[in-house]
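Chemist: Input target_4.cif, format and content: mmCIF, C-alpha atoms.
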```
data_protein
#
loop_
_atom_site.label_atom_id
_atom_site.label_comp_id
_atom_site.auth_asym_id
_atom_site.auth_seq_id
_atom_site.Cartn_x
_atom_site.Cartn_y
_atom_site.Cartn_z
CA MET A 1 -19.96 -21.56 -40.84
CA ASN A 2 -20.20 -24.89 -39.14
CA VAL A 3 -22.56 -24.48 -36.21
CA ALA A 4 -23.16 -27.61 -34.20
CA ASP A 5 -26.76 -27.63 -33.02
CA THR A 6 -26.38 -29.04 -29.57
CA ALA A 7 -23.01 -27.80 -28.34
CA LEU A 8 -23.27 -25.10 -25.75
CA GLU A 9 -19.98 -23.72 -26.76
CA ILE A 10 -18.87 -21.30 -29.41
CA ASN A 11 -15.35 -21.10 -30.71
CA ILE A 12 -15.47 -17.82 -32.59
CA ALA A 13 -12.38 -18.47 -34.72
CA GLN A 14 -13.61 -21.89 -35.82
CA GLU A 15 -17.33 -21.30 -36.11
CA PHE A 16 -17.51 -17.71 -37.26
CA THR A 17 -14.20 -16.28 -38.43
CA PRO A 18 -10.54 -16.01 -37.38
CA THR A 19 -10.62 -12.37 -38.55
CA PRO A 20 -13.43 -10.62 -36.67
CA GLY A 21 -14.48 -7.36 -38.25
CA PRO A 22 -16.19 -4.09 -37.31
CA ARG A 23 -19.28 -3.30 -35.24
CA PHE A 24 -22.09 -3.27 -37.81
CA ILE A 25 -22.90 -5.43 -40.83
CA ARG A 26 -22.97 -2.30 -43.01
CA GLU A 27 -19.34 -1.52 -42.04
CA GLY A 28 -17.80 -4.74 -43.33
CA LYS A 29 -17.58 -8.51 -43.20
CA PHE A 30 -17.72 -10.61 -40.01
CA SER A 31 -19.06 -7.84 -37.80
CA GLY A 32 -20.09 -8.07 -34.17
CA GLU A 33 -23.69 -7.54 -35.23
CA GLN A 34 -23.48 -10.43 -37.72
CA PHE A 35 -21.94 -12.71 -35.10
CA ARG A 36 -24.64 -11.84 -32.57
CA GLU A 37 -27.49 -12.34 -35.03
CA GLU A 38 -26.23 -15.44 -36.84
CA VAL A 39 -24.43 -17.39 -34.12
CA LEU A 40 -24.59 -16.03 -30.60
CA LYS A 41 -28.28 -15.27 -30.14
CA GLU A 42 -29.54 -18.72 -31.14
CA ARG A 43 -27.07 -20.51 -28.85
CA PHE A 44 -27.75 -18.06 -26.01
CA VAL A 45 -31.51 -18.66 -26.19
CA GLN A 46 -30.90 -22.41 -26.22
CA ALA A 47 -28.69 -22.10 -23.12
CA LEU A 48 -31.34 -19.99 -21.39
CA GLN A 49 -34.06 -22.56 -22.14
CA GLU A 50 -31.87 -25.40 -20.85
CA SER A 51 -30.56 -23.37 -17.89
CA ALA A 52 -27.12 -24.20 -19.23
CA ILE A 53 -23.85 -22.34 -19.48
CA LEU A 54 -22.69 -21.16 -22.88
CA ASN A 55 -18.91 -21.22 -23.15
CA ILE A 56 -17.37 -18.74 -25.56
CA ASP A 57 -13.81 -19.41 -26.72
CA LEU A 58 -12.14 -16.22 -27.91
CA ASP A 59 -8.78 -17.78 -28.80
CA GLY A 60 -7.40 -18.72 -32.19
CA GLY A 61 -8.16 -15.58 -34.16
CA TYR A 62 -6.22 -12.50 -35.19
CA GLY A 63 -7.67 -10.31 -32.44
CA TYR A 64 -10.83 -8.40 -31.71
CA ALA A 65 -11.67 -4.75 -32.15
CA PRO A 66 -13.46 -3.30 -29.11
CA SER A 67 -16.44 -2.37 -31.28
CA PHE A 68 -16.91 -6.01 -32.37
CA LEU A 69 -17.00 -7.24 -28.78
CA GLU A 70 -19.22 -4.42 -27.56
CA GLU A 71 -21.77 -4.94 -30.33
CA ALA A 72 -21.82 -8.72 -29.95
CA PHE A 73 -22.02 -9.04 -26.16
CA GLY A 74 -23.15 -5.56 -25.12
CA GLY A 75 -25.77 -5.81 -27.87
CA LEU A 76 -26.99 -9.14 -26.48
CA ALA A 77 -27.24 -7.57 -23.02
CA ARG A 78 -29.21 -4.63 -24.42
CA GLU A 79 -31.75 -7.08 -25.80
CA TYR A 80 -31.96 -9.62 -22.96
CA GLY A 81 -30.67 -7.62 -19.99
CA PRO A 82 -27.21 -7.88 -18.39
CA ALA A 83 -28.17 -10.31 -15.61
CA PRO A 84 -29.11 -13.36 -17.78
CA VAL A 85 -26.17 -12.69 -20.09
CA LEU A 86 -23.70 -12.56 -17.20
CA LYS A 87 -25.25 -15.67 -15.70
CA THR A 88 -25.21 -17.69 -18.91
CA LEU A 89 -21.99 -16.79 -20.71
CA ARG A 90 -18.50 -17.93 -19.69
CA PHE A 91 -15.45 -16.78 -21.59
CA LYS A 92 -12.06 -18.30 -22.32
CA SER A 93 -9.26 -16.09 -23.56
CA ASP A 94 -5.81 -17.50 -22.86
CA GLU A 95 -4.29 -15.36 -25.59
CA GLU A 96 -5.51 -12.05 -24.14
CA PRO A 97 -7.09 -12.52 -20.69
CA LEU A 98 -8.05 -8.84 -20.31
CA LEU A 99 -10.64 -9.28 -23.08
CA ILE A 100 -12.81 -11.10 -20.56
CA ARG A 101 -12.86 -8.08 -18.29
CA ASP A 102 -13.56 -5.82 -21.28
CA ILE A 103 -16.57 -7.93 -22.25
CA ASP A 104 -17.82 -8.05 -18.67
CA GLY A 105 -17.71 -4.25 -18.68
CA TYR A 106 -19.62 -4.02 -21.98
CA ILE A 107 -22.34 -6.32 -20.66
CA ARG A 108 -22.70 -4.41 -17.37
CA LYS A 109 -22.68 -1.01 -19.11
CA ALA A 110 -25.40 -2.14 -21.49
CA GLY A 111 -27.78 -2.18 -18.56
CA SER A 112 -27.07 1.35 -17.40
CA MET B 1 10.61 -11.06 23.18
CA PHE B 2 7.17 -11.22 21.60
CA ALA B 3 8.07 -8.20 19.47
CA ALA B 4 11.19 -9.95 18.15
CA TRP B 5 9.16 -13.07 17.34
CA TRP B 6 6.50 -10.91 15.65
CA VAL B 7 9.08 -9.11 13.51
CA GLY B 8 10.82 -12.36 12.55
CA ARG B 9 7.73 -14.42 11.81
CA VAL B 10 5.26 -11.88 10.45
CA ILE B 11 6.75 -8.52 9.49
CA GLN B 12 9.94 -9.69 7.75
CA PRO B 13 8.27 -12.32 5.53
CA ARG B 14 5.53 -9.85 4.64
CA ASP B 15 8.12 -7.20 3.74
CA ALA B 16 9.99 -9.77 1.65
CA ASN B 17 6.76 -10.66 -0.18
CA GLU B 18 6.01 -7.01 -0.85
CA ARG B 19 9.54 -6.42 -2.11
CA ALA B 20 9.25 -9.41 -4.43
CA ILE B 21 5.94 -8.17 -5.83
CA LYS B 22 7.35 -4.67 -6.29
CA GLU B 23 10.40 -6.06 -8.11
CA LEU B 24 8.21 -8.22 -10.30
CA ALA B 25 5.93 -5.31 -11.20
CA ARG B 26 8.87 -2.99 -11.86
CA GLY B 27 10.46 -5.60 -14.12
CA PHE B 28 7.30 -5.88 -16.17
CA CYS B 29 7.08 -2.08 -16.36
CA GLY B 30 10.24 -2.23 -18.47
CA GLU B 31 8.49 -4.68 -20.75
CA LEU B 32 5.47 -2.36 -20.98
CA LEU B 33 7.68 0.55 -22.04
CA GLY B 34 9.28 -1.73 -24.62
CA SER B 35 5.84 -2.71 -26.01
CA LEU B 36 4.86 0.93 -26.39
CA ALA B 37 8.15 1.77 -28.12
CA GLN B 38 7.59 -1.15 -30.50
CA LEU B 39 3.99 -0.08 -31.12
CA SER B 40 5.18 3.42 -31.94
CA GLU B 41 7.59 2.02 -34.56
CA ILE B 42 4.88 -0.10 -36.14
CA VAL B 43 2.46 2.85 -36.27
CA ASP B 44 5.16 4.80 -38.14
CA LYS B 45 5.17 2.06 -40.78
CA CYS B 46 1.48 2.69 -41.52
CA PRO B 47 1.15 4.62 -44.76
CA THR B 48 -1.28 7.53 -44.65
CA GLY B 49 -3.87 7.77 -47.39
CA GLN B 50 -3.25 4.16 -48.42
CA PRO B 51 -4.34 0.71 -47.27
CA ILE B 52 -2.31 -0.78 -44.45
CA PRO B 53 -0.44 -3.93 -45.54
CA GLU B 54 -1.66 -7.19 -44.00
CA THR B 55 1.70 -7.86 -42.30
CA VAL B 56 1.62 -4.43 -40.60
CA ARG B 57 -1.98 -5.04 -39.46
CA HIS B 58 -0.90 -8.27 -37.80
CA GLU B 59 2.11 -6.59 -36.21
CA LEU B 60 -0.19 -3.93 -34.74
CA MET B 61 -2.53 -6.58 -33.36
CA ARG B 62 0.33 -8.60 -31.89
CA SER B 63 1.96 -5.57 -30.34
CA LEU B 64 -1.27 -4.41 -28.69
CA THR B 65 -1.93 -7.92 -27.39
CA GLY B 66 1.60 -8.01 -25.92
CA PHE B 67 1.01 -4.69 -24.15
CA SER B 68 -2.33 -5.92 -22.87
CA ASN B 69 -0.91 -9.18 -21.54
CA THR B 70 2.00 -7.52 -19.72
CA LEU B 71 -0.50 -5.15 -18.14
CA ALA B 72 -2.58 -8.17 -17.06
CA ILE B 73 0.46 -9.68 -15.30
CA ILE B 74 1.17 -6.46 -13.38
CA ASP B 75 -2.52 -6.16 -12.60
CA GLU B 76 -2.53 -9.62 -11.07
CA ALA B 77 0.64 -8.95 -9.04
CA VAL B 78 -0.70 -5.67 -7.66
CA GLU B 79 -4.05 -7.28 -6.94
CA GLN B 80 -2.33 -10.08 -4.98
CA TRP B 81 -0.67 -7.35 -2.99
CA GLY B 82 -4.10 -5.80 -2.40
CA LYS B 83 -3.02 -2.36 -3.56
CA THR B 84 -4.86 -1.93 -6.88
CA THR B 85 -6.83 1.13 -5.84
CA GLN B 86 -3.73 2.83 -4.41
CA PHE B 87 -2.12 3.43 -7.79
CA ALA B 88 -3.92 6.10 -9.80
CA SER B 89 -1.26 5.79 -12.49
CA PHE B 90 -2.17 2.13 -12.96
CA GLN B 91 -5.78 3.09 -13.62
CA GLU B 92 -4.43 5.55 -16.22
CA LEU B 93 -2.51 2.69 -17.82
CA ARG B 94 -5.65 0.59 -18.05
CA LYS B 95 -7.38 3.53 -19.74
CA THR B 96 -4.45 3.99 -22.14
CA ARG B 97 -4.77 0.34 -23.14
CA ASP B 98 -8.51 0.75 -23.80
CA ASP B 99 -7.98 3.98 -25.74
CA LEU B 100 -5.17 2.50 -27.85
CA ARG B 101 -7.30 -0.52 -28.70
CA THR B 102 -10.14 1.73 -29.79
CA LEU B 103 -7.88 4.14 -31.71
CA ILE B 104 -5.99 1.40 -33.55
CA LEU B 105 -8.20 -1.66 -33.87
CA ASP B 106 -11.58 -0.10 -34.65
CA PRO B 107 -10.41 1.71 -37.81
CA LEU B 108 -8.34 -1.32 -38.86
CA VAL B 109 -11.35 -3.59 -39.24
CA THR B 110 -13.56 -1.24 -41.24
CA THR B 111 -13.58 -1.28 -45.00
CA ALA B 112 -12.08 2.22 -45.17
CA VAL B 113 -9.36 2.32 -47.82
CA SER B 114 -6.95 4.27 -45.64
CA PRO B 115 -7.83 3.75 -41.98
CA PHE B 116 -5.08 6.00 -40.64
CA GLU B 117 -4.70 9.63 -41.67
CA THR B 118 -1.95 11.96 -40.40
CA THR B 119 -4.04 13.41 -37.57
CA HIS B 120 -5.08 9.93 -36.47
CA ILE B 121 -1.47 8.76 -36.33
CA ARG B 122 -0.61 11.86 -34.28
CA GLN B 123 -3.44 10.99 -31.90
CA ILE B 124 -2.10 7.42 -31.50
CA HIS B 125 1.40 8.73 -30.76
CA GLY B 126 -0.11 11.13 -28.20
CA GLU B 127 -1.80 8.20 -26.47
CA ILE B 128 1.43 6.19 -26.52
CA SER B 129 3.28 9.10 -24.87
CA LYS B 130 0.55 9.35 -22.25
CA GLY B 131 1.02 5.63 -21.57
CA LYS B 132 4.79 6.01 -21.19
CA ARG B 133 4.34 8.85 -18.70
CA ALA B 134 1.82 6.75 -16.73
CA ILE B 135 4.31 3.84 -16.60
CA VAL B 136 7.03 6.09 -15.19
CA ARG B 137 4.61 7.54 -12.61
CA PHE B 138 3.53 4.01 -11.69
CA GLN B 139 7.17 2.94 -11.23
CA LEU B 140 7.78 5.93 -8.95
CA GLN B 141 4.65 5.13 -6.95
CA LEU B 142 5.82 1.54 -6.63
CA ILE B 143 9.15 2.67 -5.20
CA LYS B 144 7.40 4.84 -2.62
CA ALA B 145 4.62 2.35 -1.81
CA ARG B 146 4.55 0.54 1.52
#
```
Would you give me this structure, written as structure tokens?

Modeler:
Amino acid sequence: MNVADTALEINIAQEFTPTPGPRFIREGKFSGEQFREEVLKERFVQALQESAILNIDLDGGYGYAPSFLEEAFGGLAREYGPAPVLKTLRFKSDEEPLLIRDIDGYIRKAGS
Amino acid sequence: MFAAWWVGRVIQPRDANERAIKELARGFCGELLGSLAQLSEIVDKCPTGQPIPETVRHELMRSLTGFSNTLAIIDEAVEQWGKTTQFASFQELRKTRDDLRTLILDPLVTTAVSPFETTHIRQIHGEISKGKRAIVRFQLQLIKAR
């Protein structure tokens, strides 16, 4: 993994993996839980502290299982609350635009 | 006189716009049906009780993404028209997409040796059939919609 310290942007395919895996670390490699814990959380906290936007680029990989996305972004919202997550994260998904709506739903549901 | 002006300037262009959106959406419905037929063929290539070959995994991913993106185009067209909530069958299609993604993609990314067993494949085909029926209902609703 090549995580630039200052960039408030994450390109999942480049910085984590082009082949995202299952929900939990115990279920296999490159899980949503691993992504949240090793990449997303640190950058999200940095963005919160700087009142900045964290751009997440979903393109360039082989596709995402719903459980990966729910655990990564829904999981973040369960820990920090949906409001700051919705306010801080912006998504780009030219390859499958509906993923952005899926993720928005996971984040909102995490608060209910 | 005012009525004639009103029909010519407001009603007719609006009707033409609606017809164009309906045509566009109906055209993409054909593409949606094609995506589901293709998905069904790929699912049949998945061996039960064995690992799924890498090429078939990628075909499944690509096919689901294609279905999803066609749905997004129709969604946008119907939204422009301001009729999203009018079509119950379209909501069913959205749900079919979500269910297919969960049924197919979640097992694919686990370390299970054989992600798809016979009953699971039957379940996927059931969901695909449900999707096809929803597309036909949506097309019929489009024809009747004003």

Chemist: Return the neighbours of chain B among the residues of chain A, cut-off 9 Å, counting only C-alpha atoms, as a list of chain:residue names.

Modeler: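 Putting it all together, I get A:Thr19, A:Pro20, A:Gly21, A:Pro22, A:Arg23, A:Glu27, A:Gly28, A:Lys29, A:Ser31, A:Tyr62, A:Gly63, A:Tyr64, A:Ala65, A:Pro66, A:Ser67, A:Phe68, A:Glu95, A:Glu96, A:Pro97, A:Leu98, A:Leu99, A:Asp102.
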
Chemist: Nearest to A:Pro82 among A:Ile56, A:Ala47, A:Ile25, A:Ile103, with distances taken over only C-alpha atoms: which residue is it?

Modeler: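 The answer is A:Ile103, which sits nearest to A:Pro82.
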
Chemist: Exactly which residues make up the result of the PyMOL selection byres ((chain B and resi 93) around 9) on this file, given as a list in words?

Modeler: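 That selection, the PyMOL selection byres ((chain B and resi 93) around 9), comes back as Leu71, Ala88, Ser89, Phe90, Gln91, Glu92, Arg94, Lys95, Thr96, Arg97, Asp98, Lys130, Gly131, Lys132, Ala134, Ile135 and Phe138 of chain B.
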
Chemist: Could you work out an axis-aligned box for stretch 67-86 of chain A, taking every atom the file lists and adding 6 Å on each side, and report centre and edge lengths in Å to one decimal, as JSON?

Modeler:
```
{"center_x": -24.2, "center_y": -7.9, "center_z": -24.0, "size_x": 27.5, "size_y": 23.0, "size_z": 28.8}
```

Chemist: Can you tell me which residues surround stretch 16-29 of chain B at a distance of at most 9 Å, considering all atoms listed in the file, apart from same-chain residues fewer than 3 positions away, and format the answer as a list in words?

Modeler: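 With the cut-off at 9 Å, the set is Ile11, Gln12, Pro13, Leu32, Leu33, Gly34, Thr70, Leu71, Ile73, Ile74, Asp75, Ala77, Val78, Gln80, Trp81, Ile135, Val136, Phe138, Gln139, Leu142, Ile143, Ala145 and Arg146 of chain B.
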
Chemist: Applying the PyMOL selection byres ((chain A and resi 107) around 7) to the file I just gave you, which residues come out? Please list them as a list in words.

Modeler: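 Going through the file, the PyMOL selection byres ((chain A and resi 107) around 7) ends up selecting Phe73, Gly74, Ala77, Pro82, Ile103, Asp104, Gly105, Tyr106, Arg108, Lys109 and Ala110 of chain A.
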
Chemist: May I ask for the distance between atom CA of A:Lys87 and atom CA of A:Glu50, given in Å to one decimal place?

Modeler: 12.8 Å

Chemist: What is the atom CA of A:Gly111-atom CA of A:Glu71 distance in Å, reported with one decimal?

Modeler: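 Going from atom CA of A:Gly111 over to atom CA of A:Glu71 covers 13.5 Å.
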
Chemist: Which residue gives the smallest distance to B:Gln123 among B:Phe87, B:Lys45, B:Ser40, B:Ser63, with all atoms listed in the file counted?

Modeler: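 Smallest distance to B:Gln123 is found for B:Ser40.
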
Chemist: So, counting only C-alpha atoms, which residue among A:Tyr80, A:Arg36, A:Glu42, A:Thr88 is closest to A:Ile12?

Modeler: A:Arg36

Chemist: Looking at all atoms listed in the file, which of A:Ser112, A:Phe35, A:Phe16, A:Leu8 is the one that sits closest to A:Gly61?

Modeler: A:Phe16

Chemist: Please compute the atom CA of A:Asn11-atom CA of A:Gln34 distance, one decimal, in Å.

Modeler: 15.1 Å

Chemist: What do you get, as a list in words, if you spell out every residue that the PyMOL selection byres ((chain B and resi 117) around 10) selects here?

Modeler: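 When the PyMOL selection byres ((chain B and resi 117) around 10) is applied, the selected residues are Cys46, Pro47, Thr48, Gly49, Gln50, Ser114, Pro115, Phe116, Thr118, Thr119, His120, Ile121, Arg122 and Gln123 of chain B.
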
Chemist: Let me make sure I understand: among A:Gln46, A:Asp59, A:Asp94, A:Ser51, which one has the smallest atom-to-atom distance to A:Glu15 if we use only C-alpha atoms?

Modeler: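 The closest residue to A:Glu15 is A:Asp59.
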
Chemist: In terms of the shortest atom-to-atom distance over all atoms listed in the file, which of A:Val85, A:Leu40, A:Phe30, A:Ile10 is closest to A:Ala72?

Modeler: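 Selected residue with least distance to A:Ala72: A:Leu40.
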
Chemist: Kindly add N, CA and C atoms to the incomplete stretch 81-104 of chain A and provide the output as a JSON list (two decimals), keeping the file's coordinate frame.

Modeler:
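Once written, rebuild22.json looks like this:
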```json
[["chain", "number", "residue", "atom", "x", "y", "z"],
["A", 81, "GLY", "N", -31.00, -8.08, -21.35],
["A", 81, "GLY", "CA", -30.67, -7.62, -19.99],
["A", 81, "GLY", "C", -29.33, -8.18, -19.54],
["A", 82, "PRO", "N", -28.54, -7.42, -18.79],
["A", 82, "PRO", "CA", -27.21, -7.88, -18.39],
["A", 82, "PRO", "C", -27.22, -9.12, -17.49],
["A", 83, "ALA", "N", -28.20, -9.21, -16.60],
["A", 83, "ALA", "CA", -28.17, -10.31, -15.61],
["A", 83, "ALA", "C", -28.18, -11.71, -16.26],
["A", 84, "PRO", "N", -29.15, -12.01, -17.17],
["A", 84, "PRO", "CA", -29.11, -13.36, -17.78],
["A", 84, "PRO", "C", -27.88, -13.59, -18.65],
["A", 85, "VAL", "N", -27.37, -12.53, -19.25],
["A", 85, "VAL", "CA", -26.17, -12.69, -20.09],
["A", 85, "VAL", "C", -24.97, -13.02, -19.21],
["A", 86, "LEU", "N", -24.83, -12.29, -18.11],
["A", 86, "LEU", "CA", -23.70, -12.56, -17.20],
["A", 86, "LEU", "C", -23.80, -13.95, -16.59],
["A", 87, "LYS", "N", -25.04, -14.36, -16.33],
["A", 87, "LYS", "CA", -25.25, -15.67, -15.70],
["A", 87, "LYS", "C", -24.98, -16.82, -16.68],
["A", 88, "THR", "N", -25.25, -16.59, -17.93],
["A", 88, "THR", "CA", -25.21, -17.69, -18.91],
["A", 88, "THR", "C", -23.86, -17.83, -19.62],
["A", 89, "LEU", "N", -23.22, -16.71, -19.91],
["A", 89, "LEU", "CA", -21.99, -16.79, -20.71],
["A", 89, "LEU", "C", -20.74, -16.94, -19.84],
["A", 90, "ARG", "N", -19.83, -17.80, -20.30],
["A", 90, "ARG", "CA", -18.50, -17.93, -19.69],
["A", 90, "ARG", "C", -17.48, -17.79, -20.81],
["A", 91, "PHE", "N", -16.41, -17.06, -20.53],
["A", 91, "PHE", "CA", -15.45, -16.78, -21.59],
["A", 91, "PHE", "C", -14.10, -17.42, -21.33],
["A", 92, "LYS", "N", -13.44, -17.79, -22.41],
["A", 92, "LYS", "CA", -12.06, -18.30, -22.32],
["A", 92, "LYS", "C", -11.22, -17.46, -23.27],
["A", 93, "SER", "N", -10.16, -16.87, -22.72],
["A", 93, "SER", "CA", -9.26, -16.09, -23.56],
["A", 93, "SER", "C", -7.84, -16.21, -22.99],
["A", 94, "ASP", "N", -7.19, -17.31, -23.33],
["A", 94, "ASP", "CA", -5.81, -17.50, -22.86],
["A", 94, "ASP", "C", -4.86, -16.55, -23.58],
["A", 95, "GLU", "N", -5.21, -16.21, -24.80],
["A", 95, "GLU", "CA", -4.29, -15.36, -25.59],
["A", 95, "GLU", "C", -4.31, -13.90, -25.14],
["A", 96, "GLU", "N", -5.43, -13.43, -24.66],
["A", 96, "GLU", "CA", -5.51, -12.05, -24.14],
["A", 96, "GLU", "C", -6.55, -12.01, -23.01],
["A", 97, "PRO", "N", -6.12, -12.38, -21.80],
["A", 97, "PRO", "CA", -7.09, -12.52, -20.69],
["A", 97, "PRO", "C", -7.90, -11.24, -20.39],
["A", 98, "LEU", "N", -7.31, -10.07, -20.65],
["A", 98, "LEU", "CA", -8.05, -8.84, -20.31],
["A", 98, "LEU", "C", -9.32, -8.66, -21.15],
["A", 99, "LEU", "N", -9.41, -9.39, -22.26],
["A", 99, "LEU", "CA", -10.64, -9.28, -23.08],
["A", 99, "LEU", "C", -11.87, -9.68, -22.27],
["A", 100, "ILE", "N", -11.67, -10.63, -21.35],
["A", 100, "ILE", "CA", -12.81, -11.10, -20.56],
["A", 100, "ILE", "C", -13.35, -9.98, -19.68],
["A", 101, "ARG", "N", -12.42, -9.22, -19.11],
["A", 101, "ARG", "CA", -12.86, -8.08, -18.29],
["A", 101, "ARG", "C", -13.52, -6.99, -19.17],
["A", 102, "ASP", "N", -12.96, -6.79, -20.36],
["A", 102, "ASP", "CA", -13.56, -5.82, -21.28],
["A", 102, "ASP", "C", -15.02, -6.20, -21.55],
["A", 103, "ILE", "N", -15.22, -7.47, -21.88],
["A", 103, "ILE", "CA", -16.57, -7.93, -22.25],
["A", 103, "ILE", "C", -17.52, -7.82, -21.05],
["A", 104, "ASP", "N", -17.02, -8.18, -19.88],
["A", 104, "ASP", "CA", -17.82, -8.05, -18.67],
["A", 104, "ASP", "C", -18.29, -6.59, -18.51]]
```
